[in-house]
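One file, target-v8.pdb, is given below (PDB, C-alpha atoms).
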ATOM      1  CA  MET A  66       0.000   0.000   0.000
ATOM      2  CA  ILE A  67       1.305   3.432  -0.883
ATOM      3  CA  ASP A  68       1.801   5.873   1.914
ATOM      4  CA  LYS A  69       0.070   9.091   0.941
ATOM      5  CA  GLU A  70       2.927  11.156   2.273
ATOM      6  CA  GLN A  71       5.363   9.351   0.074
ATOM      7  CA  ILE A  72       6.146  11.258  -3.116
ATOM      8  CA  LEU A  73       5.865   9.163  -6.193
ATOM      9  CA  HIS A  74       8.337   9.996  -8.887
ATOM     10  CA  TYR A  75       7.569   9.073 -12.417
ATOM     11  CA  GLU A  76       8.448  10.343 -15.822
ATOM     12  CA  ILE A  77       6.587  10.281 -19.067
ATOM     13  CA  ALA A  78       8.669  10.043 -22.223
ATOM     14  CA  ASP A  79       8.306  12.784 -24.816
ATOM     15  CA  THR A  80       7.355  10.267 -27.483
ATOM     16  CA  VAL A  81       4.370   9.198 -25.418
ATOM     17  CA  LEU A  82       3.156  12.765 -25.199
ATOM     18  CA  VAL A  83       3.775  13.360 -28.891
ATOM     19  CA  ASN A  84       1.716  10.319 -29.825
ATOM     20  CA  LEU A  85      -1.000  11.324 -27.409
ATOM     21  CA  VAL A  86      -1.175  14.817 -28.879
ATOM     22  CA  LYS A  87      -1.180  13.467 -32.413
ATOM     23  CA  LEU A  88      -3.979  10.984 -31.757
ATOM     24  CA  ALA A  89      -6.060  13.672 -30.089
ATOM     25  CA  ALA A  90      -5.530  16.135 -32.942
ATOM     26  CA  MET A  91      -6.422  13.578 -35.605
ATOM     27  CA  GLU A  92      -9.811  13.064 -33.964
ATOM     28  CA  VAL A  93     -10.905  16.521 -35.069
ATOM     29  CA  SER A  94     -12.629  16.280 -38.422
ATOM     30  CA  GLY A  95     -10.940  18.589 -40.881
ATOM     31  CA  VAL A  96      -7.463  17.763 -39.680
ATOM     32  CA  VAL A  97      -5.520  15.813 -42.300
ATOM     33  CA  GLY A  98      -2.236  15.384 -40.533
ATOM     34  CA  VAL A  99       0.654  16.866 -38.709
ATOM     35  CA  SER A 100       3.612  18.541 -40.328
ATOM     36  CA  THR A 101       6.209  21.250 -40.119
ATOM     37  CA  SER A 102       7.081  23.700 -42.820
ATOM     38  CA  LEU A 103      10.271  23.157 -44.770
ATOM     39  CA  ARG A 104      11.677  26.287 -43.178
ATOM     40  CA  ALA A 105      11.030  24.970 -39.694
ATOM     41  CA  ARG A 106      12.751  21.753 -40.660
ATOM     42  CA  PHE A 107      15.827  23.680 -41.764
ATOM     43  CA  ASN A 108      15.828  25.539 -38.487
ATOM     44  CA  GLY A 109      16.323  22.239 -36.740
ATOM     45  CA  GLN A 110      12.841  21.557 -35.486
ATOM     46  CA  ARG A 111      11.735  17.993 -35.490
ATOM     47  CA  ALA A 112      10.068  16.958 -38.673
ATOM     48  CA  ARG A 113       7.137  15.306 -36.987
ATOM     49  CA  GLY A 114       5.307  18.563 -36.417
ATOM     50  CA  ILE A 115       4.785  18.229 -32.701
ATOM     51  CA  THR A 116       7.163  19.524 -30.058
ATOM     52  CA  VAL A 117       6.567  18.824 -26.402
ATOM     53  CA  ILE A 118       8.524  20.539 -23.657
ATOM     54  CA  GLN A 119       8.222  19.187 -20.133
ATOM     55  CA  THR A 120       9.367  21.163 -17.151
ATOM     56  CA  ASP A 121       8.618  21.051 -13.456
ATOM     57  CA  ALA A 122       6.256  23.950 -13.950
ATOM     58  CA  GLY A 123       4.161  22.202 -16.548
ATOM     59  CA  LEU A 124       3.810  21.228 -20.142
ATOM     60  CA  ALA A 125       4.114  23.140 -23.396
ATOM     61  CA  VAL A 126       2.881  21.694 -26.673
ATOM     62  CA  ASP A 127       3.566  23.066 -30.131
ATOM     63  CA  ILE A 128       1.608  21.460 -32.938
ATOM     64  CA  HIS A 129       1.642  22.177 -36.669
ATOM     65  CA  ILE A 130      -1.257  20.748 -38.599
ATOM     66  CA  ILE A 131      -2.432  20.334 -42.163
ATOM     67  CA  ALA A 132      -6.151  20.861 -42.625
ATOM     68  CA  TYR A 133      -8.745  20.420 -45.337
ATOM     69  CA  TYR A 134      -9.685  23.520 -47.302
ATOM     70  CA  GLY A 135     -13.171  24.728 -46.497
ATOM     71  CA  GLU A 136     -13.113  24.604 -42.744
ATOM     72  CA  ASN A 137     -13.217  27.643 -40.529
ATOM     73  CA  LEU A 138      -9.586  27.530 -39.448
ATOM     74  CA  GLU A 139     -10.039  29.566 -36.305
ATOM     75  CA  ARG A 140     -12.731  27.207 -35.029
ATOM     76  CA  LEU A 141     -10.701  24.195 -36.139
ATOM     77  CA  ALA A 142      -7.611  25.369 -34.275
ATOM     78  CA  VAL A 143      -9.594  26.025 -31.104
ATOM     79  CA  GLN A 144     -11.138  22.550 -31.385
ATOM     80  CA  VAL A 145      -7.682  21.019 -31.715
ATOM     81  CA  GLN A 146      -6.450  23.009 -28.748
ATOM     82  CA  GLN A 147      -9.413  21.928 -26.631
ATOM     83  CA  ILE A 148      -9.277  18.237 -27.462
ATOM     84  CA  ILE A 149      -5.528  18.100 -26.802
ATOM     85  CA  GLY A 150      -6.054  20.047 -23.592
ATOM     86  CA  ASN A 151      -8.790  17.729 -22.367
ATOM     87  CA  ARG A 152      -6.823  14.613 -23.194
ATOM     88  CA  LEU A 153      -3.633  15.838 -21.522
ATOM     89  CA  ARG A 154      -5.524  17.073 -18.501
ATOM     90  CA  THR A 155      -7.158  13.729 -17.871
ATOM     91  CA  MET A 156      -4.095  11.630 -18.585
ATOM     92  CA  ILE A 157      -1.141  13.684 -17.382
ATOM     93  CA  GLU A 158      -2.580  16.401 -15.147
ATOM     94  CA  PRO A 159       0.101  19.026 -15.704
ATOM     95  CA  LYS A 160       0.162  22.072 -13.446
ATOM     96  CA  GLU A 161       0.376  24.429 -16.366
ATOM     97  CA  LEU A 162      -0.561  23.655 -19.911
ATOM     98  CA  HIS A 163       0.349  25.662 -22.981
ATOM     99  CA  ILE A 164      -0.889  24.556 -26.368
ATOM    100  CA  ASN A 165       0.201  26.443 -29.463
ATOM    101  CA  VAL A 166      -1.580  25.451 -32.646
ATOM    102  CA  THR A 167      -0.339  26.476 -36.089
ATOM    103  CA  ILE A 168      -2.189  25.656 -39.264
ATOM    104  CA  GLU A 169       0.671  25.093 -41.638
ATOM    105  CA  ASP A 170      -0.926  24.032 -44.888
ATOM    106  CA  LEU A 171      -4.238  23.240 -46.527
ATOM    107  CA  ILE A 172      -5.197  20.555 -49.011
ATOM    108  CA  LEU A 173      -8.376  20.038 -50.985
ATOM    109  CA  ARG A 174     -10.845  17.369 -49.954
ATOM    110  CA  PRO A 175     -10.637  14.406 -52.312
ATOM    111  CA  LYS A 176     -13.514  14.507 -54.768
ATOM    112  CA  ILE A 177     -16.144  11.827 -54.314
ATOM    113  CA  ILE A 178     -17.040  10.337 -57.667
TER
ATOM    114  CA  MET B  74      -4.447  35.007 -31.310
ATOM    115  CA  ASN B  75      -4.804  34.241 -27.653
ATOM    116  CA  THR B  76      -7.799  32.110 -26.981
ATOM    117  CA  THR B  77     -10.399  33.192 -24.506
ATOM    118  CA  ASN B  78     -10.356  29.704 -23.092
ATOM    119  CA  ASP B  79      -9.173  30.081 -19.516
ATOM    120  CA  GLN B  80      -8.478  26.392 -19.042
ATOM    121  CA  TYR B  81      -5.192  26.349 -20.920
ATOM    122  CA  ALA B  82      -3.036  29.038 -22.350
ATOM    123  CA  GLY B  83      -1.583  28.963 -25.815
ATOM    124  CA  THR B  84      -1.629  30.596 -29.173
ATOM    125  CA  ILE B  85      -3.326  29.828 -32.455
ATOM    126  CA  SER B  86      -1.641  30.836 -35.659
ATOM    127  CA  ILE B  87      -2.213  30.246 -39.333
ATOM    128  CA  SER B  88       0.703  30.105 -41.736
ATOM    129  CA  GLU B  89       1.194  32.362 -44.742
ATOM    130  CA  ARG B  90       0.928  29.334 -46.954
ATOM    131  CA  ALA B  91      -2.496  28.422 -45.614
ATOM    132  CA  ILE B  92      -3.671  31.995 -46.242
ATOM    133  CA  ALA B  93      -2.280  31.796 -49.779
ATOM    134  CA  VAL B  94      -4.151  28.556 -50.464
ATOM    135  CA  ILE B  95      -7.422  30.096 -49.294
ATOM    136  CA  ALA B  96      -6.831  33.203 -51.423
ATOM    137  CA  ALA B  97      -6.025  31.110 -54.491
ATOM    138  CA  GLN B  98      -9.097  28.925 -54.129
ATOM    139  CA  ALA B  99     -11.287  31.977 -53.600
ATOM    140  CA  ALA B 100      -9.904  33.815 -56.636
ATOM    141  CA  GLU B 101     -10.473  30.792 -58.871
ATOM    142  CA  THR B 102     -14.196  30.865 -58.116
ATOM    143  CA  VAL B 103     -14.525  34.121 -60.062
ATOM    144  CA  ASP B 104     -15.856  33.220 -63.536
ATOM    145  CA  GLN B 105     -13.891  35.869 -65.386
ATOM    146  CA  VAL B 106     -10.621  34.518 -64.048
ATOM    147  CA  VAL B 107      -9.260  31.814 -66.370
ATOM    148  CA  SER B 108      -6.486  30.723 -64.049
ATOM    149  CA  LEU B 109      -3.894  32.004 -61.670
ATOM    150  CA  ALA B 110      -0.503  32.790 -63.163
ATOM    151  CA  ALA B 111       2.043  30.473 -61.592
ATOM    152  CA  SER B 112       5.637  31.621 -61.479
ATOM    153  CA  ILE B 113       8.279  29.775 -63.512
ATOM    154  CA  ALA B 114       9.409  27.846 -60.463
ATOM    155  CA  GLU B 115       5.822  26.936 -59.597
ATOM    156  CA  GLY B 116       5.231  25.902 -63.201
ATOM    157  CA  VAL B 117       8.232  23.580 -63.176
ATOM    158  CA  ALA B 118       7.103  22.103 -59.864
ATOM    159  CA  ALA B 119       3.632  21.492 -61.323
ATOM    160  CA  LYS B 120       5.168  19.729 -64.339
ATOM    161  CA  LEU B 121       7.037  17.473 -61.959
ATOM    162  CA  GLY B 122       3.722  16.471 -60.472
ATOM    163  CA  ARG B 123       3.748  18.517 -57.309
ATOM    164  CA  GLU B 124       0.355  20.116 -57.106
ATOM    165  CA  ASN B 125       0.596  23.569 -55.585
ATOM    166  CA  LEU B 126      -2.732  24.884 -54.376
ATOM    167  CA  ALA B 127      -1.285  28.330 -53.788
ATOM    168  CA  ALA B 128       0.359  28.806 -57.203
ATOM    169  CA  GLY B 129       0.170  32.420 -58.314
ATOM    170  CA  VAL B 130      -0.472  33.764 -54.844
ATOM    171  CA  THR B 131       1.869  35.125 -52.220
ATOM    172  CA  ALA B 132       0.689  36.045 -48.773
ATOM    173  CA  HIS B 133       2.429  38.084 -46.162
ATOM    174  CA  LEU B 134       1.473  38.095 -42.520
ATOM    175  CA  GLU B 135       2.170  40.696 -39.934
ATOM    176  CA  GLY B 136       0.668  39.594 -36.662
ATOM    177  CA  HIS B 137      -2.909  38.822 -37.570
ATOM    178  CA  VAL B 138      -3.085  41.105 -40.559
ATOM    179  CA  ALA B 139      -2.565  39.595 -43.987
ATOM    180  CA  GLU B 140      -1.491  41.106 -47.260
ATOM    181  CA  VAL B 141      -2.104  39.043 -50.380
ATOM    182  CA  THR B 142      -0.756  39.367 -53.916
ATOM    183  CA  ILE B 143      -2.560  37.483 -56.685
ATOM    184  CA  ARG B 144      -1.311  37.104 -60.234
ATOM    185  CA  LEU B 145      -3.993  35.988 -62.644
ATOM    186  CA  ILE B 146      -5.136  35.601 -66.226
ATOM    187  CA  VAL B 147      -8.431  37.213 -67.172
ATOM    188  CA  ARG B 148     -10.896  36.042 -69.815
ATOM    189  CA  TYR B 149     -11.048  38.350 -72.838
ATOM    190  CA  GLY B 150     -14.059  40.651 -73.035
ATOM    191  CA  TYR B 151     -14.500  41.726 -69.446
ATOM    192  CA  ARG B 152     -13.662  45.068 -67.881
ATOM    193  CA  ILE B 153     -10.436  44.356 -66.024
ATOM    194  CA  PRO B 154     -10.984  46.824 -63.147
ATOM    195  CA  ASP B 155     -14.330  45.146 -62.405
ATOM    196  CA  VAL B 156     -12.754  41.694 -62.412
ATOM    197  CA  ALA B 157      -9.937  42.879 -60.158
ATOM    198  CA  LEU B 158     -12.387  44.456 -57.755
ATOM    199  CA  GLN B 159     -14.462  41.289 -57.637
ATOM    200  CA  VAL B 160     -11.347  39.207 -56.935
ATOM    201  CA  GLN B 161     -10.302  41.595 -54.174
ATOM    202  CA  LYS B 162     -13.737  41.397 -52.560
ATOM    203  CA  ILE B 163     -14.094  37.635 -52.686
ATOM    204  CA  VAL B 164     -10.532  37.027 -51.486
ATOM    205  CA  LYS B 165     -10.856  39.445 -48.598
ATOM    206  CA  ASP B 166     -14.226  38.034 -47.518
ATOM    207  CA  THR B 167     -13.174  34.392 -47.793
ATOM    208  CA  VAL B 168      -9.854  34.788 -45.990
ATOM    209  CA  GLU B 169     -11.390  36.854 -43.213
ATOM    210  CA  GLN B 170     -14.297  34.474 -42.771
ATOM    211  CA  MET B 171     -12.183  31.315 -42.770
ATOM    212  CA  THR B 172      -9.280  32.462 -40.638
ATOM    213  CA  GLY B 173     -10.539  35.276 -38.449
ATOM    214  CA  TYR B 174      -7.521  37.288 -39.547
ATOM    215  CA  SER B 175      -8.039  40.660 -41.161
ATOM    216  CA  VAL B 176      -6.887  41.364 -44.697
ATOM    217  CA  ALA B 177      -5.235  44.748 -45.101
ATOM    218  CA  ALA B 178      -4.588  44.558 -48.838
ATOM    219  CA  VAL B 179      -5.276  42.356 -51.835
ATOM    220  CA  HIS B 180      -2.988  43.227 -54.732
ATOM    221  CA  VAL B 181      -4.218  41.968 -58.078
ATOM    222  CA  VAL B 182      -1.727  41.670 -60.934
ATOM    223  CA  VAL B 183      -3.301  40.852 -64.270
ATOM    224  CA  GLN B 184      -0.578  38.932 -66.052
ATOM    225  CA  GLY B 185      -2.451  37.957 -69.161
ATOM    226  CA  ILE B 186      -5.648  37.827 -71.152
ATOM    227  CA  ASP B 187      -7.037  34.581 -72.471
ATOM    228  CA  PHE B 188      -8.549  35.026 -75.942
ATOM    229  CA  THR B 189      -9.537  31.410 -76.474
ATOM    230  CA  GLN B 190     -12.776  31.604 -74.467
ATOM    231  CA  PRO B 191     -14.150  35.134 -74.824
ATOM    232  CA  SER B 192     -17.235  36.289 -72.982
ATOM    233  CA  ALA B 193     -20.638  35.656 -74.560
ATOM    234  CA  ALA B 194     -21.204  39.403 -74.922
ATOM    235  CA  MET B 195     -18.013  39.822 -76.937
ATOM    236  CA  GLU B 196     -18.872  36.940 -79.242
ATOM    237  CA  MET B 197     -22.255  38.528 -79.946
ATOM    238  CA  ARG B 198     -20.599  41.827 -80.772
ATOM    239  CA  ASP B 199     -18.134  40.147 -83.103
ATOM    240  CA  ASP B 200     -21.038  38.462 -84.930
ATOM    241  CA  HIS B 201     -22.751  41.789 -85.276
ATOM    242  CA  ASP B 202     -19.658  43.405 -86.791
ATOM    243  CA  ARG B 203     -19.430  40.784 -89.488
TER
END
As structure tokens - that is how I would like this structure written.
Amino acid sequence: MIDKEQILHYEIADTVLVNLVKLAAMEVSGVVGVSTSLRARFNGQRARGITVIQTDAGLAVDIHIIAYYGENLERLAVQVQQIIGNRLRTMIEPKELHINVTIEDLILRPKII
Amino acid sequence: MNTTNDQYAGTISISERAIAVIAAQAAETVDQVVSLAASIAEGVAAKLGRENLAAGVTAHLEGHVAEVTIRLIVRYGYRIPDVALQVQKIVKDTVEQMTGYSVAAVHVVVQGIDFTQPSAAMEMRDDHDR
């Protein structure tokens, strides 16, 4: 049995958080995928489009997404921010949570024949 | 923009490229516009099979204010200032509605006239002249 006074130390790997964020973002309809711009890639950012920074103070998430043309991008970005926020809050419970969403590129919806 | 959501802080931003894609798609809906004029580099990229949805459009962002430049080819037989004005209106409205950003300027550069599909009015006038 765990003594309540005892402080439990655990760490969550960045990759876990990245996958969590990605799965949450992909649930929003209108989101095609995650990506960084070519310029960001040259600047040394990771190509996967999601950066997670963990500190003692909390959690900061930076996500770059590709969306379908035709959506209201402001609403879409807020939806992405909220779903990621909810998911991280329930699963990780960070003290502070920062979620920056950038819509990097748009593609057309595939035509249904 | 900072969200009004007090649960978690963070920013929402939209890239220049995304704005350019919206502007390009909006401009193409205008009937009098035959196509957007892709640059040489964009043309080569298209030949190589890379579809560029923002060909012919450059967008510049300063904070949440966008400035868009559109190069296009107009159908022969229409008053060019009217076409340009219509493109400006539709691009401004669409970008503002879809992104929530404001559009400070839409520069329209008419790079060519397409004579192969003239307007119906012009064809009628040509018939009359004959």
Do you have, as CSV, the list of residues of chain A lying at most 9 Å from chain B, each with its nearest atom pair and that distance in Å to one decimal, counting only C-alpha atoms and ordered by chain then number?
residue,atom,partner,partner_atom,distance
A:Ala125,CA,B:Gly83,CA,8.5
A:Val126,CA,B:Gly83,CA,8.6
A:Asp127,CA,B:Gly83,CA,8.9
A:Ile131,CA,B:Ala91,CA,8.8
A:Ala132,CA,B:Ala91,CA,8.9
A:Tyr134,CA,B:Ile95,CA,7.2
A:Gly135,CA,B:Met171,CA,7.6
A:Glu136,CA,B:Met171,CA,6.8
A:Asn137,CA,B:Met171,CA,4.4
A:Leu138,CA,B:Thr172,CA,5.1
A:Glu139,CA,B:Thr172,CA,5.3
A:Arg140,CA,B:Thr172,CA,8.4
A:Ala142,CA,B:Ile85,CA,6.4
A:Val143,CA,B:Ile85,CA,7.5
A:Gln146,CA,B:Gly83,CA,8.2
A:Gln147,CA,B:Tyr81,CA,8.4
A:Gly150,CA,B:Tyr81,CA,6.9
A:Glu161,CA,B:Tyr81,CA,7.4
A:Leu162,CA,B:Tyr81,CA,5.5
A:His163,CA,B:Gly83,CA,4.8
A:Ile164,CA,B:Gly83,CA,4.5
A:Asn165,CA,B:Thr84,CA,4.5
A:Val166,CA,B:Ile85,CA,4.7
A:Thr167,CA,B:Ser86,CA,4.6
A:Ile168,CA,B:Ile87,CA,4.6
A:Glu169,CA,B:Ser88,CA,5.0
A:Asp170,CA,B:Ala91,CA,4.7
A:Leu171,CA,B:Ala91,CA,5.5
A:Ile172,CA,B:Leu126,CA,7.3
A:Leu173,CA,B:Leu126,CA,8.2
Let me see the file: selected residues, C-alpha atoms, as an mmCIF file, in the coordinates of the input.
data_model
loop_
_atom_site.group_PDB
_atom_site.id
_atom_site.type_symbol
_atom_site.label_atom_id
_atom_site.label_comp_id
_atom_site.auth_asym_id
_atom_site.auth_seq_id
_atom_site.Cartn_x
_atom_site.Cartn_y
_atom_site.Cartn_z
ATOM 1 C CA ALA A 125 4.114 23.140 -23.396
ATOM 2 C CA VAL A 126 2.881 21.694 -26.673
ATOM 3 C CA ASP A 127 3.566 23.066 -30.131
ATOM 4 C CA ILE A 131 -2.432 20.334 -42.163
ATOM 5 C CA ALA A 132 -6.151 20.861 -42.625
ATOM 6 C CA TYR A 134 -9.685 23.520 -47.302
ATOM 7 C CA GLY A 135 -13.171 24.728 -46.497
ATOM 8 C CA GLU A 136 -13.113 24.604 -42.744
ATOM 9 C CA ASN A 137 -13.217 27.643 -40.529
ATOM 10 C CA LEU A 138 -9.586 27.530 -39.448
ATOM 11 C CA GLU A 139 -10.039 29.566 -36.305
ATOM 12 C CA ARG A 140 -12.731 27.207 -35.029
ATOM 13 C CA ALA A 142 -7.611 25.369 -34.275
ATOM 14 C CA VAL A 143 -9.594 26.025 -31.104
ATOM 15 C CA GLN A 146 -6.450 23.009 -28.748
ATOM 16 C CA GLN A 147 -9.413 21.928 -26.631
ATOM 17 C CA GLY A 150 -6.054 20.047 -23.592
ATOM 18 C CA GLU A 161 0.376 24.429 -16.366
ATOM 19 C CA LEU A 162 -0.561 23.655 -19.911
ATOM 20 C CA HIS A 163 0.349 25.662 -22.981
ATOM 21 C CA ILE A 164 -0.889 24.556 -26.368
ATOM 22 C CA ASN A 165 0.201 26.443 -29.463
ATOM 23 C CA VAL A 166 -1.580 25.451 -32.646
ATOM 24 C CA THR A 167 -0.339 26.476 -36.089
ATOM 25 C CA ILE A 168 -2.189 25.656 -39.264
ATOM 26 C CA GLU A 169 0.671 25.093 -41.638
ATOM 27 C CA ASP A 170 -0.926 24.032 -44.888
ATOM 28 C CA LEU A 171 -4.238 23.240 -46.527
ATOM 29 C CA ILE A 172 -5.197 20.555 -49.011
ATOM 30 C CA LEU A 173 -8.376 20.038 -50.985
#
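Note on the selection: in this file the PyMOL selection byres ((chain B and resi 112) around 12) comes out as Leu109, Ala110, Ala111, Ile113, Ala114, Glu115, Gly116, Val117, Ala118, Ala119, Asn125, Ala127, Ala128, Gly129, Val130, Thr131, Ile143, Arg144, Leu145 and Gln184 of chain B.
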Give me the result of the PyMOL selection byres ((chain A and resi 117-121) around 12) on this file, residue by residue, as a PDB file with C-alpha atoms, in the coordinates of the input.
ATOM      1  CA  HIS A  74       8.337   9.996  -8.887  1.00  0.00           C
ATOM      2  CA  GLU A  76       8.448  10.343 -15.822  1.00  0.00           C
ATOM      3  CA  ILE A  77       6.587  10.281 -19.067  1.00  0.00           C
ATOM      4  CA  ALA A  78       8.669  10.043 -22.223  1.00  0.00           C
ATOM      5  CA  ASP A  79       8.306  12.784 -24.816  1.00  0.00           C
ATOM      6  CA  THR A  80       7.355  10.267 -27.483  1.00  0.00           C
ATOM      7  CA  VAL A  81       4.370   9.198 -25.418  1.00  0.00           C
ATOM      8  CA  LEU A  82       3.156  12.765 -25.199  1.00  0.00           C
ATOM      9  CA  VAL A  83       3.775  13.360 -28.891  1.00  0.00           C
ATOM     10  CA  ASN A  84       1.716  10.319 -29.825  1.00  0.00           C
ATOM     11  CA  LEU A  85      -1.000  11.324 -27.409  1.00  0.00           C
ATOM     12  CA  VAL A  86      -1.175  14.817 -28.879  1.00  0.00           C
ATOM     13  CA  LYS A  87      -1.180  13.467 -32.413  1.00  0.00           C
ATOM     14  CA  GLN A 110      12.841  21.557 -35.486  1.00  0.00           C
ATOM     15  CA  ARG A 111      11.735  17.993 -35.490  1.00  0.00           C
ATOM     16  CA  ARG A 113       7.137  15.306 -36.987  1.00  0.00           C
ATOM     17  CA  GLY A 114       5.307  18.563 -36.417  1.00  0.00           C
ATOM     18  CA  ILE A 115       4.785  18.229 -32.701  1.00  0.00           C
ATOM     19  CA  THR A 116       7.163  19.524 -30.058  1.00  0.00           C
ATOM     20  CA  ALA A 122       6.256  23.950 -13.950  1.00  0.00           C
ATOM     21  CA  GLY A 123       4.161  22.202 -16.548  1.00  0.00           C
ATOM     22  CA  LEU A 124       3.810  21.228 -20.142  1.00  0.00           C
ATOM     23  CA  ALA A 125       4.114  23.140 -23.396  1.00  0.00           C
ATOM     24  CA  VAL A 126       2.881  21.694 -26.673  1.00  0.00           C
ATOM     25  CA  ASP A 127       3.566  23.066 -30.131  1.00  0.00           C
ATOM     26  CA  ILE A 128       1.608  21.460 -32.938  1.00  0.00           C
ATOM     27  CA  HIS A 129       1.642  22.177 -36.669  1.00  0.00           C
ATOM     28  CA  LEU A 153      -3.633  15.838 -21.522  1.00  0.00           C
ATOM     29  CA  ILE A 157      -1.141  13.684 -17.382  1.00  0.00           C
ATOM     30  CA  PRO A 159       0.101  19.026 -15.704  1.00  0.00           C
ATOM     31  CA  LYS A 160       0.162  22.072 -13.446  1.00  0.00           C
ATOM     32  CA  GLU A 161       0.376  24.429 -16.366  1.00  0.00           C
ATOM     33  CA  LEU A 162      -0.561  23.655 -19.911  1.00  0.00           C
ATOM     34  CA  HIS A 163       0.349  25.662 -22.981  1.00  0.00           C
ATOM     35  CA  ILE A 164      -0.889  24.556 -26.368  1.00  0.00           C
ATOM     36  CA  ASN A 165       0.201  26.443 -29.463  1.00  0.00           C
TER      37      ASN A 165
END
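Going from CA of Glu92 in chain A over to CA of Tyr133 in chain A, you cover 13.6 Å.
Straight-line separation from CA of Ala177 in chain B to CA of Val164 in chain B: 11.3 Å.
For the pair CA of Val96 in chain A and CA of Val145 in chain A, the interatomic distance is 8.6 Å.
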* **Option closest in space to Ala100 in chain B, from B:Val176, B:Thr189, B:Val141, B:Pro154 [counting only C-alpha atoms]** => B:Val141
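The smallest atom-to-atom distance between Arg148 in chain B and any of B:Ala132, B:Val183, B:Ala97, B:Val106, using all atoms listed in the file, is found for B:Val106.
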Could you give me the centre and size, in Å to one decimal, of an axis-aligned box around all listed atoms of range 139-145 of chain A with 5 Å added on every side, as AutoDock Vina command-line options?
--center_x -10.2 --center_y 25.3 --center_z -33.7 --size_x 15.1 --size_y 18.5 --size_z 15.2
* Sel. within 8 Å of pt (-13.7, 17.9, -32.4), counting all atoms listed in the file, output as a VMD selection string -> chain A and resid 92 to 94 141 144 to 145 148
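The nearest approach to Thr142 in chain B among the residues B:Ala96, B:Val156, B:Val107, B:Ile163, with all atoms listed in the file taken into account, belongs to B:Ala96.
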Because the input lacks atoms here, generate N, CA and C atoms for range 161-174 of chain B and report them as a PDB file, in the coordinates of the input.
ATOM      1  N   GLN B 161     -10.687  41.016 -55.461  1.00  0.00           N
ATOM      2  CA  GLN B 161     -10.302  41.595 -54.174  1.00  0.00           C
ATOM      3  C   GLN B 161     -11.360  41.330 -53.113  1.00  0.00           C
ATOM      4  N   LYS B 162     -12.636  41.560 -53.512  1.00  0.00           N
ATOM      5  CA  LYS B 162     -13.737  41.397 -52.560  1.00  0.00           C
ATOM      6  C   LYS B 162     -13.846  39.963 -52.078  1.00  0.00           C
ATOM      7  N   ILE B 163     -13.854  39.035 -53.046  1.00  0.00           N
ATOM      8  CA  ILE B 163     -14.094  37.635 -52.686  1.00  0.00           C
ATOM      9  C   ILE B 163     -12.925  37.080 -51.878  1.00  0.00           C
ATOM     10  N   VAL B 164     -11.704  37.503 -52.223  1.00  0.00           N
ATOM     11  CA  VAL B 164     -10.532  37.027 -51.486  1.00  0.00           C
ATOM     12  C   VAL B 164     -10.544  37.560 -50.062  1.00  0.00           C
ATOM     13  N   LYS B 165     -10.820  38.839 -49.932  1.00  0.00           N
ATOM     14  CA  LYS B 165     -10.856  39.445 -48.598  1.00  0.00           C
ATOM     15  C   LYS B 165     -11.916  38.770 -47.727  1.00  0.00           C
ATOM     16  N   ASP B 166     -13.132  38.637 -48.290  1.00  0.00           N
ATOM     17  CA  ASP B 166     -14.226  38.034 -47.518  1.00  0.00           C
ATOM     18  C   ASP B 166     -13.895  36.608 -47.115  1.00  0.00           C
ATOM     19  N   THR B 167     -13.409  35.805 -48.081  1.00  0.00           N
ATOM     20  CA  THR B 167     -13.174  34.392 -47.793  1.00  0.00           C
ATOM     21  C   THR B 167     -12.078  34.221 -46.748  1.00  0.00           C
ATOM     22  N   VAL B 168     -10.961  34.943 -46.934  1.00  0.00           N
ATOM     23  CA  VAL B 168      -9.854  34.788 -45.990  1.00  0.00           C
ATOM     24  C   VAL B 168     -10.284  35.236 -44.595  1.00  0.00           C
ATOM     25  N   GLU B 169     -10.988  36.353 -44.528  1.00  0.00           N
ATOM     26  CA  GLU B 169     -11.390  36.854 -43.213  1.00  0.00           C
ATOM     27  C   GLU B 169     -12.370  35.910 -42.533  1.00  0.00           C
ATOM     28  N   GLN B 170     -13.289  35.355 -43.351  1.00  0.00           N
ATOM     29  CA  GLN B 170     -14.297  34.474 -42.771  1.00  0.00           C
ATOM     30  C   GLN B 170     -13.681  33.151 -42.316  1.00  0.00           C
ATOM     31  N   MET B 171     -12.731  32.636 -43.095  1.00  0.00           N
ATOM     32  CA  MET B 171     -12.183  31.315 -42.770  1.00  0.00           C
ATOM     33  C   MET B 171     -11.109  31.350 -41.701  1.00  0.00           C
ATOM     34  N   THR B 172     -10.399  32.450 -41.575  1.00  0.00           N
ATOM     35  CA  THR B 172      -9.280  32.462 -40.638  1.00  0.00           C
ATOM     36  C   THR B 172      -9.509  33.353 -39.425  1.00  0.00           C
ATOM     37  N   GLY B 173     -10.385  34.329 -39.548  1.00  0.00           N
ATOM     38  CA  GLY B 173     -10.539  35.276 -38.449  1.00  0.00           C
ATOM     39  C   GLY B 173      -9.473  36.357 -38.464  1.00  0.00           C
ATOM     40  N   TYR B 174      -8.531  36.247 -39.379  1.00  0.00           N
ATOM     41  CA  TYR B 174      -7.521  37.288 -39.547  1.00  0.00           C
ATOM     42  C   TYR B 174      -8.129  38.412 -40.381  1.00  0.00           C
TER      43      TYR B 174
END
